[in-house]
>>> print(open('entry-v5.cif').read())   # mmCIF, C-alpha atoms
data_structure
#
loop_
_atom_site.label_atom_id
_atom_site.label_comp_id
_atom_site.auth_asym_id
_atom_site.auth_seq_id
_atom_site.Cartn_x
_atom_site.Cartn_y
_atom_site.Cartn_z
CA MET A 1094 82.76 -2.14 -37.67
CA SER A 1095 82.43 0.80 -35.26
CA ALA A 1096 80.62 0.65 -31.95
CA ILE A 1097 78.37 3.38 -30.58
CA LEU A 1098 77.84 4.13 -26.91
CA LEU A 1099 74.34 5.27 -25.96
CA THR A 1100 74.26 7.30 -22.75
CA GLY A 1101 71.79 9.67 -21.09
CA ILE A 1102 69.42 6.78 -20.35
CA ALA A 1103 67.46 7.65 -17.20
CA GLU A 1104 65.98 4.15 -17.02
CA LEU A 1105 66.87 1.11 -19.09
CA VAL A 1106 64.52 -1.87 -19.09
CA THR A 1107 66.58 -4.85 -20.25
CA ASN A 1108 64.34 -7.84 -19.35
CA ASP A 1109 67.56 -9.42 -18.11
CA PRO A 1110 67.20 -10.30 -14.38
CA VAL A 1111 70.96 -10.23 -13.86
CA HIS A 1112 70.75 -6.48 -13.31
CA ASP A 1113 68.25 -6.17 -10.46
CA GLY A 1114 66.89 -9.64 -9.75
CA THR A 1115 63.50 -8.92 -11.35
CA PRO A 1116 62.22 -10.05 -14.76
CA SER A 1117 62.43 -6.43 -15.97
CA GLY A 1118 66.15 -6.05 -15.23
CA VAL A 1119 65.94 -2.29 -14.75
CA LEU A 1120 69.05 -0.09 -14.64
CA ALA A 1121 69.11 3.60 -13.72
CA ASP A 1122 71.60 6.04 -15.28
CA ALA A 1123 72.45 3.35 -17.80
CA ALA A 1124 74.38 2.96 -21.04
CA VAL A 1125 74.33 0.54 -23.96
CA VAL A 1126 76.98 -0.25 -26.54
CA VAL A 1127 75.70 -1.26 -29.97
CA GLU A 1128 77.92 -2.85 -32.60
CA GLY A 1129 76.91 -4.45 -35.87
CA GLY A 1130 73.22 -4.28 -35.04
CA ARG A 1131 73.71 -6.22 -31.79
CA VAL A 1132 73.96 -5.26 -28.16
CA ALA A 1133 77.62 -5.47 -27.22
CA TRP A 1134 77.49 -4.20 -23.63
CA VAL A 1135 74.89 -3.08 -21.06
CA GLY A 1136 75.52 -1.48 -17.67
CA ARG A 1137 75.86 1.65 -15.59
CA ARG A 1138 77.02 4.75 -17.39
CA GLN A 1139 80.08 5.16 -15.19
CA ASP A 1140 81.25 1.65 -16.11
CA ALA A 1141 80.83 2.02 -19.87
CA PRO A 1142 83.75 1.10 -22.13
CA ALA A 1143 85.26 3.59 -24.54
CA THR A 1144 83.90 3.49 -28.10
CA ASP A 1145 84.53 5.20 -31.42
CA ASP A 1146 81.25 7.07 -31.22
CA ALA A 1147 78.81 8.13 -28.51
CA ARG A 1148 75.34 9.59 -28.30
CA ASP A 1149 73.42 11.14 -25.41
CA LEU A 1150 69.70 10.28 -25.33
CA GLY A 1151 68.89 13.17 -23.04
CA GLY A 1152 67.60 11.48 -19.91
CA ARG A 1153 64.98 9.35 -21.64
CA ALA A 1154 63.86 5.83 -20.79
CA VAL A 1155 64.80 3.00 -23.14
CA VAL A 1156 62.91 -0.29 -23.44
CA PRO A 1157 63.23 -3.27 -25.78
CA GLY A 1158 61.37 -2.90 -29.05
CA PHE A 1159 57.85 -4.26 -28.77
CA VAL A 1160 57.36 -7.78 -30.13
CA ASP A 1161 53.86 -7.99 -31.63
CA SER A 1162 53.25 -11.71 -31.93
CA HIS A 1163 49.71 -11.60 -33.36
CA SER A 1164 48.48 -9.48 -36.27
CA HIS A 1165 46.42 -9.78 -39.45
CA LEU A 1166 47.84 -7.16 -41.80
CA VAL A 1167 47.32 -8.58 -45.30
CA PHE A 1168 43.84 -7.33 -46.08
CA ALA A 1169 41.79 -4.85 -48.05
CA GLY A 1170 38.61 -2.99 -47.25
CA ASP A 1171 37.14 -1.17 -44.27
CA ARG A 1172 34.85 -2.31 -41.45
CA SER A 1173 34.24 0.94 -39.63
CA ALA A 1174 30.47 0.54 -40.06
CA GLU A 1175 30.70 -2.78 -38.22
CA PHE A 1176 32.56 -1.07 -35.39
CA ALA A 1177 29.92 1.65 -35.19
CA ALA A 1178 27.21 -1.00 -35.02
CA ARG A 1179 29.02 -2.74 -32.15
CA MET A 1180 29.26 0.51 -30.26
CA ALA A 1181 25.49 0.81 -30.73
CA GLY A 1182 24.96 -2.62 -29.19
CA THR A 1183 25.46 -5.29 -31.88
CA ALA A 1184 27.41 -8.22 -30.43
CA TYR A 1185 30.64 -9.36 -32.08
CA ASP A 1186 30.45 -12.92 -33.48
CA GLY A 1187 33.34 -13.06 -35.96
CA GLY A 1188 31.03 -13.00 -38.96
CA GLY A 1189 32.53 -9.83 -40.36
CA ILE A 1190 35.67 -11.74 -41.34
CA ARG A 1191 33.90 -12.76 -44.55
CA THR A 1192 33.50 -9.09 -45.50
CA THR A 1193 37.26 -8.66 -45.39
CA VAL A 1194 37.74 -11.91 -47.30
CA ALA A 1195 35.67 -10.57 -50.20
CA ALA A 1196 37.61 -7.29 -50.31
CA THR A 1197 40.97 -9.03 -50.04
CA ARG A 1198 40.24 -11.48 -52.82
CA ALA A 1199 39.31 -8.57 -55.10
CA ALA A 1200 42.42 -6.49 -54.34
CA PRO A 1201 45.56 -6.69 -56.50
CA ASP A 1202 48.88 -7.60 -54.91
CA GLU A 1203 50.07 -3.99 -55.09
CA VAL A 1204 47.17 -2.78 -52.93
CA LEU A 1205 47.65 -5.52 -50.35
CA GLU A 1206 51.39 -4.88 -50.10
CA ALA A 1207 51.00 -1.11 -49.85
CA ASN A 1208 48.46 -1.56 -47.05
CA LEU A 1209 50.78 -3.97 -45.24
CA ALA A 1210 53.75 -1.61 -45.57
CA ARG A 1211 51.69 1.30 -44.26
CA HIS A 1212 50.62 -0.61 -41.17
CA LEU A 1213 54.12 -1.90 -40.47
CA ALA A 1214 55.50 1.64 -40.68
CA GLU A 1215 52.75 2.78 -38.33
CA MET A 1216 53.74 0.04 -35.88
CA ARG A 1217 57.42 0.94 -36.01
CA ARG A 1218 56.70 4.58 -35.28
CA GLN A 1219 55.02 3.34 -32.11
CA GLY A 1220 57.98 1.25 -30.98
CA THR A 1221 57.29 -2.17 -32.50
CA THR A 1222 60.35 -3.81 -34.04
CA THR A 1223 59.21 -7.43 -34.50
CA VAL A 1224 55.83 -8.33 -36.03
CA GLU A 1225 54.08 -11.60 -36.78
CA VAL A 1226 51.67 -11.41 -39.75
CA LYS A 1227 48.94 -13.95 -40.54
CA SER A 1228 47.11 -14.79 -43.72
CA GLY A 1229 43.46 -15.76 -43.36
CA TYR A 1230 41.61 -13.22 -45.49
CA GLY A 1231 42.04 -15.09 -48.76
CA LEU A 1232 40.74 -18.59 -48.00
CA THR A 1233 41.52 -19.90 -51.48
CA VAL A 1234 44.72 -21.65 -52.51
CA HIS A 1235 45.78 -18.69 -54.63
CA ASP A 1236 44.85 -15.95 -52.17
CA GLU A 1237 46.37 -17.58 -49.11
CA ALA A 1238 49.63 -18.26 -50.94
CA ARG A 1239 49.88 -14.72 -52.32
CA SER A 1240 49.04 -13.19 -48.94
CA LEU A 1241 51.88 -15.09 -47.30
CA ALA A 1242 54.31 -14.37 -50.14
CA ILE A 1243 53.61 -10.65 -49.69
CA ALA A 1244 53.99 -10.84 -45.90
CA ARG A 1245 57.23 -12.81 -46.12
CA ARG A 1246 58.88 -9.96 -47.97
CA TRP A 1247 58.41 -7.84 -44.83
CA THR A 1248 58.77 -10.16 -41.84
CA GLU A 1249 60.33 -13.46 -40.84
CA GLU A 1250 57.25 -14.28 -38.75
CA THR A 1251 54.49 -15.36 -41.13
CA THR A 1252 51.56 -17.58 -40.21
CA PHE A 1253 49.28 -19.63 -42.45
CA LEU A 1254 45.70 -19.13 -41.20
CA GLY A 1255 43.69 -20.80 -43.91
CA ALA A 1256 41.55 -22.16 -41.07
CA HIS A 1257 40.23 -18.71 -40.11
CA VAL A 1258 36.58 -19.26 -41.02
CA VAL A 1259 34.81 -21.47 -43.55
CA PRO A 1260 34.27 -19.31 -46.66
CA HIS A 1261 30.80 -18.94 -48.14
CA GLU A 1262 31.48 -21.28 -51.05
CA HIS A 1263 32.10 -24.16 -48.60
CA ALA A 1264 29.38 -23.28 -46.10
CA ASP A 1265 27.47 -26.48 -46.87
CA ASP A 1266 30.54 -28.73 -46.65
CA PRO A 1267 33.04 -27.59 -43.99
CA ALA A 1268 34.79 -30.97 -44.13
CA ALA A 1269 35.70 -30.35 -47.76
CA TYR A 1270 37.18 -27.00 -46.79
CA VAL A 1271 39.31 -28.61 -44.07
CA ASP A 1272 40.54 -31.06 -46.72
CA LEU A 1273 41.45 -28.10 -48.91
CA VAL A 1274 43.29 -26.35 -46.06
CA THR A 1275 45.26 -29.46 -45.12
CA GLY A 1276 45.99 -30.39 -48.75
CA PRO A 1277 46.50 -28.03 -51.71
CA MET A 1278 46.26 -24.82 -49.68
CA LEU A 1279 48.87 -25.93 -47.16
CA ALA A 1280 51.17 -27.09 -49.97
CA ALA A 1281 50.96 -23.66 -51.62
CA ALA A 1282 51.27 -21.70 -48.38
CA ALA A 1283 53.98 -23.61 -46.51
CA PRO A 1284 56.96 -22.27 -48.52
CA HIS A 1285 56.06 -18.75 -47.34
CA ALA A 1286 55.18 -19.51 -43.71
CA ARG A 1287 56.89 -20.32 -40.44
CA TRP A 1288 53.69 -20.99 -38.46
CA ILE A 1289 50.25 -22.54 -38.83
CA ASP A 1290 47.22 -21.31 -36.90
CA VAL A 1291 43.54 -22.21 -36.49
CA PHE A 1292 40.55 -20.25 -35.19
CA CYS A 1293 39.23 -22.93 -32.81
CA GLU A 1294 35.93 -21.37 -31.82
CA ARG A 1295 32.20 -21.74 -32.19
CA GLY A 1296 31.25 -20.67 -35.70
CA ALA A 1297 34.76 -21.43 -36.97
CA PHE A 1298 36.58 -24.77 -36.44
CA ASP A 1299 35.95 -27.40 -33.77
CA VAL A 1300 38.65 -29.15 -31.79
CA ASP A 1301 38.87 -32.16 -34.11
CA GLN A 1302 39.18 -29.96 -37.17
CA ALA A 1303 41.81 -27.84 -35.40
CA ARG A 1304 43.78 -30.93 -34.46
CA ALA A 1305 43.74 -32.14 -38.07
CA VAL A 1306 44.91 -28.78 -39.44
CA LEU A 1307 47.71 -28.46 -36.89
CA ALA A 1308 48.88 -32.02 -37.53
CA ALA A 1309 49.02 -31.37 -41.26
CA GLY A 1310 50.96 -28.17 -40.65
CA GLU A 1311 53.45 -29.97 -38.45
CA GLY A 1312 53.88 -32.56 -41.19
CA ALA A 1313 54.74 -29.72 -43.58
CA GLY A 1314 57.35 -28.35 -41.19
CA LEU A 1315 55.30 -25.49 -39.71
CA LEU A 1316 55.16 -24.63 -36.02
CA GLY A 1317 51.76 -24.46 -34.36
CA ARG A 1318 49.78 -21.74 -32.60
CA LEU A 1319 46.06 -21.33 -31.99
CA HIS A 1320 43.22 -18.80 -31.60
CA ALA A 1321 41.05 -20.09 -28.75
CA ASN A 1322 38.54 -19.21 -26.05
CA GLN A 1323 37.78 -15.77 -27.46
CA LEU A 1324 34.01 -15.96 -27.91
CA GLY A 1325 33.29 -18.34 -25.05
CA PRO A 1326 34.60 -21.33 -23.10
CA GLY A 1327 35.93 -24.21 -25.16
CA PRO A 1328 38.56 -26.92 -25.53
CA GLY A 1329 41.06 -24.88 -27.57
CA VAL A 1330 43.37 -23.78 -24.76
CA ARG A 1331 43.75 -27.31 -23.47
CA LEU A 1332 44.36 -28.59 -27.01
CA ALA A 1333 47.18 -26.07 -27.41
CA CYS A 1334 48.77 -27.23 -24.16
CA GLU A 1335 48.34 -30.90 -25.07
CA LEU A 1336 50.08 -30.37 -28.41
CA GLY A 1337 52.83 -28.21 -26.93
CA LEU A 1338 52.06 -25.27 -29.21
CA ALA A 1339 54.19 -22.16 -28.90
CA ALA A 1340 51.22 -19.96 -28.03
CA VAL A 1341 47.48 -19.88 -27.64
CA ASP A 1342 45.94 -16.49 -28.28
CA HIS A 1343 42.91 -14.63 -26.88
CA CYS A 1344 42.29 -16.76 -23.74
CA THR A 1345 39.37 -14.52 -22.79
CA TYR A 1346 37.18 -17.23 -21.29
CA LEU A 1347 39.20 -19.58 -19.07
CA ASP A 1348 38.24 -21.98 -16.33
CA ALA A 1349 40.46 -23.40 -13.61
CA ALA A 1350 41.38 -26.41 -15.77
CA ASP A 1351 42.53 -24.13 -18.59
CA VAL A 1352 44.74 -22.11 -16.25
CA GLU A 1353 46.16 -25.29 -14.73
CA ALA A 1354 46.92 -26.70 -18.17
CA LEU A 1355 48.69 -23.50 -19.21
CA ALA A 1356 50.69 -23.40 -15.98
CA GLY A 1357 51.92 -26.93 -16.55
CA SER A 1358 52.89 -26.38 -20.18
CA GLY A 1359 55.39 -24.35 -22.13
CA THR A 1360 52.58 -22.71 -24.10
CA VAL A 1361 52.43 -18.91 -23.89
CA ALA A 1362 49.04 -17.31 -23.25
CA THR A 1363 48.88 -14.32 -25.62
CA LEU A 1364 46.32 -11.76 -24.51
CA LEU A 1365 44.88 -9.27 -26.97
CA PRO A 1366 43.21 -6.45 -25.02
CA GLY A 1367 42.60 -4.37 -28.14
CA VAL A 1368 39.95 -6.94 -29.05
CA GLU A 1369 38.07 -6.56 -25.79
CA PHE A 1370 38.31 -2.78 -26.09
CA SER A 1371 36.96 -2.84 -29.66
CA THR A 1372 34.23 -5.44 -29.12
CA ARG A 1373 33.10 -4.50 -25.60
CA SER A 1374 33.86 -8.03 -24.44
CA PRO A 1375 35.11 -9.04 -20.99
CA TYR A 1376 38.86 -8.68 -20.56
CA PRO A 1377 40.92 -11.81 -19.80
CA ASP A 1378 42.12 -12.26 -16.22
CA ALA A 1379 45.84 -11.75 -16.65
CA ARG A 1380 46.34 -11.62 -12.89
CA ALA A 1381 45.06 -15.18 -12.46
CA LEU A 1382 47.38 -16.40 -15.21
CA LEU A 1383 50.43 -14.66 -13.80
CA ASP A 1384 49.73 -15.80 -10.26
CA ALA A 1385 49.51 -19.39 -11.55
CA GLY A 1386 52.94 -19.08 -13.19
CA VAL A 1387 51.72 -18.89 -16.80
CA THR A 1388 53.93 -17.07 -19.31
CA VAL A 1389 51.85 -14.20 -20.69
CA ALA A 1390 52.38 -12.18 -23.87
CA LEU A 1391 50.55 -9.10 -25.10
CA ALA A 1392 49.88 -8.44 -28.78
CA SER A 1393 47.78 -6.04 -30.83
CA ASP A 1394 45.77 -8.46 -33.01
CA CYS A 1395 45.76 -5.57 -35.46
CA ASN A 1396 43.03 -6.37 -37.97
CA PRO A 1397 40.25 -4.41 -39.70
CA GLY A 1398 37.41 -5.94 -37.70
CA SER A 1399 37.86 -6.76 -34.04
CA SER A 1400 40.98 -4.77 -33.10
CA TYR A 1401 42.06 -2.10 -35.54
CA THR A 1402 44.92 -0.77 -33.45
CA SER A 1403 48.61 -0.98 -34.18
CA SER A 1404 49.59 0.45 -30.78
CA MET A 1405 51.35 -1.91 -28.40
CA ALA A 1406 51.50 0.98 -25.94
CA LEU A 1407 47.70 1.02 -25.88
CA CYS A 1408 47.73 -2.73 -25.21
CA VAL A 1409 50.11 -2.16 -22.30
CA ALA A 1410 47.87 0.54 -20.86
CA LEU A 1411 44.75 -1.63 -21.22
CA ALA A 1412 46.50 -4.59 -19.60
CA VAL A 1413 47.39 -2.43 -16.60
CA ARG A 1414 44.01 -0.71 -16.29
CA GLU A 1415 41.70 -3.62 -17.13
CA MET A 1416 43.57 -6.91 -16.67
CA GLY A 1417 45.36 -6.64 -13.34
CA MET A 1418 48.93 -6.36 -14.63
CA THR A 1419 51.57 -4.03 -13.23
CA PRO A 1420 53.29 -1.67 -15.69
CA ALA A 1421 56.44 -3.80 -15.47
CA GLU A 1422 54.53 -7.04 -16.11
CA ALA A 1423 52.69 -5.55 -19.07
CA LEU A 1424 55.87 -4.22 -20.68
CA TRP A 1425 57.60 -7.59 -20.19
CA ALA A 1426 54.63 -9.34 -21.81
CA ALA A 1427 54.73 -6.93 -24.77
CA THR A 1428 58.45 -7.53 -25.35
CA ALA A 1429 60.02 -10.66 -23.85
CA GLY A 1430 56.63 -12.40 -23.67
CA GLY A 1431 55.99 -11.79 -27.35
CA ALA A 1432 59.45 -13.13 -28.14
CA ARG A 1433 58.68 -16.33 -26.24
CA ALA A 1434 55.37 -16.65 -28.10
CA LEU A 1435 57.42 -16.59 -31.32
CA ARG A 1436 60.15 -18.84 -29.87
CA ARG A 1437 62.69 -16.11 -30.47
CA ASP A 1438 65.73 -15.64 -28.25
CA ASP A 1439 67.25 -12.75 -30.20
CA VAL A 1440 64.63 -10.07 -29.49
CA GLY A 1441 62.63 -8.80 -26.53
CA VAL A 1442 65.68 -8.63 -24.23
CA LEU A 1443 68.54 -6.11 -24.23
CA ALA A 1444 71.59 -8.20 -23.42
CA PRO A 1445 74.93 -8.85 -25.13
CA GLY A 1446 74.46 -10.77 -28.35
CA ARG A 1447 70.79 -9.88 -28.78
CA ARG A 1448 69.50 -7.68 -31.57
CA ALA A 1449 69.80 -4.01 -30.73
CA HIS A 1450 66.10 -3.24 -31.03
CA LEU A 1451 65.62 -0.29 -28.69
CA THR A 1452 62.60 1.95 -28.24
CA VAL A 1453 63.43 5.36 -26.81
CA LEU A 1454 60.59 6.95 -24.80
CA ASP A 1455 60.07 10.66 -24.43
CA ALA A 1456 59.60 9.99 -20.72
CA PRO A 1457 61.83 9.15 -17.74
CA SER A 1458 60.27 5.74 -17.01
CA HIS A 1459 58.49 2.84 -18.71
CA VAL A 1460 55.57 3.45 -16.32
CA HIS A 1461 54.53 6.36 -18.54
CA LEU A 1462 53.34 3.87 -21.18
CA ALA A 1463 50.36 3.13 -18.90
CA TYR A 1464 50.42 6.40 -16.98
CA ARG A 1465 49.93 8.50 -20.15
CA PRO A 1466 47.66 6.40 -22.40
CA GLY A 1467 47.14 7.68 -25.90
CA VAL A 1468 50.17 9.98 -25.80
CA PRO A 1469 52.78 9.40 -28.54
CA LEU A 1470 55.71 8.72 -26.20
CA VAL A 1471 58.03 6.97 -28.65
CA ALA A 1472 60.77 9.44 -29.46
CA GLU A 1473 62.86 7.09 -31.59
CA VAL A 1474 63.21 3.48 -32.61
CA LEU A 1475 66.71 2.03 -33.06
CA GLY A 1476 67.59 -1.27 -34.72
#
>>> encode(input="entry-v5.cif", output="structure tokens")
Amino acid sequence: MSAILLTGIAELVTNDPVHDGTPSGVLADAAVVVEGGRVAWVGRRQDAPATDDARDLGGRAVVPGFVDSHSHLVFAGDRSAEFAARMAGTAYDGGGIRTTVAATRAAPDEVLEANLARHLAEMRRQGTTTVEVKSGYGLTVHDEARSLAIARRWTEETTFLGAHVVPHEHADDPAAYVDLVTGPMLAAAAPHARWIDVFCERGAFDVDQARAVLAAGEGAGLLGRLHANQLGPGPGVRLACELGLAAVDHCTYLDAADVEALAGSGTVATLLPGVEFSTRSPYPDARALLDAGVTVALASDCNPGSSYTSSMALCVALAVREMGMTPAEALWAATAGGARALRRDDVGVLAPGRRAHLTVLDAPSHVHLAYRPGVPLVAEVLG
């Protein structure tokens, strides 16, 4: 198995503190050796070992592939009219999810898979190499299971989100729907999922219902994560910390007790600035979380309603401009932070033994991701 030496790297962001003592682990005039799809060596160009093959990247910056730990890509239909209405002043309340549910139920597998493949290709072109995909637009036993079976053909990171909203046919008996989610639906979905998730929010599922769903998922061998505190204050973040979930996502409305709970837990706070951009909601206070010692991730929440963006670079730029993060912190959150939210130690960091997922920027520094928002800076994606 031949090794290739990558040189001509003006700036290499490794996320390995051994290189410069910072979380970003930045190296100038760097080189990387890749062998068998893994990083074999990282260091200064002048110290690079000899290899069978070499390639000059032309003075570009290289960063780890983005790790998008929150997306909803198995869906059909379009909600652009809903977006236009929000821009005209209609508040977002999550109700549009049911529109996507109806379209998804009506779509054949081939349409759902083609749509998923198109979005994943779009993500990769923009530097994303690891993607988590949720169900949640089927909300029947059959449709949740088929959504996850489709997603599992494309990613290792699949999440059962039967507890997204209560569908219209159970509107008068939410308890019966929770029984369905924790019983037959979970049994059908679990073989295709790694994770279980709940939308713990007003208008969706309360804290007791969320606890029941997560407990059932754990009993079926699934790892837990949670949507919480998106639409307003609530108990979801503290529930996630209490249960030791891998991640709690949104975290838009936090009080001091929420931040304290996160700081004292191993739960990652995943922030989704595309949602705030697309719904004209307040942005989460990433600075307060970071200053408290909370591990923060960034993700796209790519979905047809509240955040129809597949661009992690946009999320980085929004985090810097609107959420108080430095460019280095935002990039770490979009790579190593996302990996931690998925409990992955093989991605998000460029170090020997890790997967060689490298995003090559047509720029001399990672700072350009925030400095030049909206510009297609990804020159190439390797790995």
>>> residues_around(input="entry-v5.cif", residues="region 1120-1132 of chain A", least_positions_apart="5", cutoff="7 Å", atoms="all atoms listed in the file", output="number ranges by chain")
A: 1094-1106, 1112, 1137-1138, 1141, 1443-1449, 1476
>>> write_last_selection(input="entry-v5.cif", atoms="C-alpha atoms", output="compact mmCIF listing (two decimals), keeping the file's coordinate frame")
# COMPACT_ATOMS: atom_id res chain seq x y z
CA MET A 1094 82.76 -2.14 -37.67
CA SER A 1095 82.43 0.80 -35.26
CA ALA A 1096 80.62 0.65 -31.95
CA ILE A 1097 78.37 3.38 -30.58
CA LEU A 1098 77.84 4.13 -26.91
CA LEU A 1099 74.34 5.27 -25.96
CA THR A 1100 74.26 7.30 -22.75
CA GLY A 1101 71.79 9.67 -21.09
CA ILE A 1102 69.42 6.78 -20.35
CA ALA A 1103 67.46 7.65 -17.20
CA GLU A 1104 65.98 4.15 -17.02
CA LEU A 1105 66.87 1.11 -19.09
CA VAL A 1106 64.52 -1.87 -19.09
CA HIS A 1112 70.75 -6.48 -13.31
CA ARG A 1137 75.86 1.65 -15.59
CA ARG A 1138 77.02 4.75 -17.39
CA ALA A 1141 80.83 2.02 -19.87
CA LEU A 1443 68.54 -6.11 -24.23
CA ALA A 1444 71.59 -8.20 -23.42
CA PRO A 1445 74.93 -8.85 -25.13
CA GLY A 1446 74.46 -10.77 -28.35
CA ARG A 1447 70.79 -9.88 -28.78
CA ARG A 1448 69.50 -7.68 -31.57
CA ALA A 1449 69.80 -4.01 -30.73
CA GLY A 1476 67.59 -1.27 -34.72
>>> residues_around(input="entry-v5.cif", residues="His1163 (chain A)", least_positions_apart="5", cutoff="10 Å", atoms="all atoms listed in the file", output="list in words")
Val1224, Glu1225, Val1226, Lys1227, Glu1250, Thr1251, Thr1252, His1320, Asp1342, His1343, Thr1363, Leu1364, Leu1365, Ala1390, Leu1391, Ala1392, Ser1393, Asp1394, Cys1395, Asn1396, Gly1431, Ala1434 and Leu1435 of chain A
>>> write_last_selection(input="entry-v5.cif", atoms="C-alpha atoms", output="compact mmCIF listing (two decimals), keeping the file's coordinate frame")
# COMPACT_ATOMS: atom_id res chain seq x y z
CA VAL A 1224 55.83 -8.33 -36.03
CA GLU A 1225 54.08 -11.60 -36.78
CA VAL A 1226 51.67 -11.41 -39.75
CA LYS A 1227 48.94 -13.95 -40.54
CA GLU A 1250 57.25 -14.28 -38.75
CA THR A 1251 54.49 -15.36 -41.13
CA THR A 1252 51.56 -17.58 -40.21
CA HIS A 1320 43.22 -18.80 -31.60
CA ASP A 1342 45.94 -16.49 -28.28
CA HIS A 1343 42.91 -14.63 -26.88
CA THR A 1363 48.88 -14.32 -25.62
CA LEU A 1364 46.32 -11.76 -24.51
CA LEU A 1365 44.88 -9.27 -26.97
CA ALA A 1390 52.38 -12.18 -23.87
CA LEU A 1391 50.55 -9.10 -25.10
CA ALA A 1392 49.88 -8.44 -28.78
CA SER A 1393 47.78 -6.04 -30.83
CA ASP A 1394 45.77 -8.46 -33.01
CA CYS A 1395 45.76 -5.57 -35.46
CA ASN A 1396 43.03 -6.37 -37.97
CA GLY A 1431 55.99 -11.79 -27.35
CA ALA A 1434 55.37 -16.65 -28.10
CA LEU A 1435 57.42 -16.59 -31.32
>>> atom_distance(input="entry-v5.cif", atom1="CA of Thr1428 (chain A)", atom2="CA of Val1361 (chain A)")
13.0 Å
>>> resolve_selection(input="entry-v5.cif", expression="the PyMOL selection byres ((chain A and resi 1322) around 12)", output="MDAnalysis selection string")
chainID A and resid 1291:1295 1297:1300 1319:1321 1323:1333 1341:1348 1351:1352 1362:1365 1375:1377
>>> write_last_selection(input="entry-v5.cif", atoms="C-alpha atoms", output="compact mmCIF listing (two decimals), in the coordinates of the input")
# COMPACT_ATOMS: atom_id res chain seq x y z
CA VAL A 1291 43.54 -22.21 -36.49
CA PHE A 1292 40.55 -20.25 -35.19
CA CYS A 1293 39.23 -22.93 -32.81
CA GLU A 1294 35.93 -21.37 -31.82
CA ARG A 1295 32.20 -21.74 -32.19
CA ALA A 1297 34.76 -21.43 -36.97
CA PHE A 1298 36.58 -24.77 -36.44
CA ASP A 1299 35.95 -27.40 -33.77
CA VAL A 1300 38.65 -29.15 -31.79
CA LEU A 1319 46.06 -21.33 -31.99
CA HIS A 1320 43.22 -18.80 -31.60
CA ALA A 1321 41.05 -20.09 -28.75
CA GLN A 1323 37.78 -15.77 -27.46
CA LEU A 1324 34.01 -15.96 -27.91
CA GLY A 1325 33.29 -18.34 -25.05
CA PRO A 1326 34.60 -21.33 -23.10
CA GLY A 1327 35.93 -24.21 -25.16
CA PRO A 1328 38.56 -26.92 -25.53
CA GLY A 1329 41.06 -24.88 -27.57
CA VAL A 1330 43.37 -23.78 -24.76
CA ARG A 1331 43.75 -27.31 -23.47
CA LEU A 1332 44.36 -28.59 -27.01
CA ALA A 1333 47.18 -26.07 -27.41
CA VAL A 1341 47.48 -19.88 -27.64
CA ASP A 1342 45.94 -16.49 -28.28
CA HIS A 1343 42.91 -14.63 -26.88
CA CYS A 1344 42.29 -16.76 -23.74
CA THR A 1345 39.37 -14.52 -22.79
CA TYR A 1346 37.18 -17.23 -21.29
CA LEU A 1347 39.20 -19.58 -19.07
CA ASP A 1348 38.24 -21.98 -16.33
CA ASP A 1351 42.53 -24.13 -18.59
CA VAL A 1352 44.74 -22.11 -16.25
CA ALA A 1362 49.04 -17.31 -23.25
CA THR A 1363 48.88 -14.32 -25.62
CA LEU A 1364 46.32 -11.76 -24.51
CA LEU A 1365 44.88 -9.27 -26.97
CA PRO A 1375 35.11 -9.04 -20.99
CA TYR A 1376 38.86 -8.68 -20.56
CA PRO A 1377 40.92 -11.81 -19.80
>>> resolve_selection(input="entry-v5.cif", expression="the PyMOL selection byres ((chain A and resi 1244-1248) around 12)", output="MDAnalysis selection string")
chainID A and resid 1161:1162 1164:1168 1202 1205:1214 1222:1229 1237:1243 1249:1253 1282:1288
>>> atom_distance(input="entry-v5.cif", atom1="CA of Thr1419 (chain A)", atom2="CA of Ala1340 (chain A)")
21.7 Å
>>> residues_around(input="entry-v5.cif", residues="Val1368 (chain A)", least_positions_apart="6", cutoff="8 Å", atoms="only C-alpha atoms", output="NGL selection string")
:A and (1374 or 1394 or 1399-1400)
>>> resolve_selection(input="entry-v5.cif", expression="the PyMOL selection byres ((chain A and resi 1357-1360) around 6)", output="list in words")
Cys1334, Leu1338, Ala1339, Ala1340, Ala1354, Leu1355, Ala1356 and Val1361 of chain A
>>> atom_distance(input="entry-v5.cif", atom1="CA of Gly1231 (chain A)", atom2="CA of Thr1197 (chain A)")
6.3 Å
>>> closest_residue(input="entry-v5.cif", among="A:Gly1255, A:Gly1312, A:Gly1337, A:Pro1157", to="Val1471 (chain A)", atoms="all atoms listed in the file")
A:Pro1157
>>> residues_around(input="entry-v5.cif", residues="Leu1451 (chain A)", least_positions_apart="4", cutoff="7 Å", atoms="only C-alpha atoms", output="MDAnalysis selection string")
chainID A and resid 1155:1158 1474:1476
>>> residues_around(input="entry-v5.cif", residues="region 1380-1385 of chain A", least_positions_apart="3", cutoff="8 Å", atoms="all atoms listed in the file", output="list in words")
Val1352, Glu1353, Ala1356, Thr1388, Val1389, Met1416, Gly1417 and Met1418 of chain A
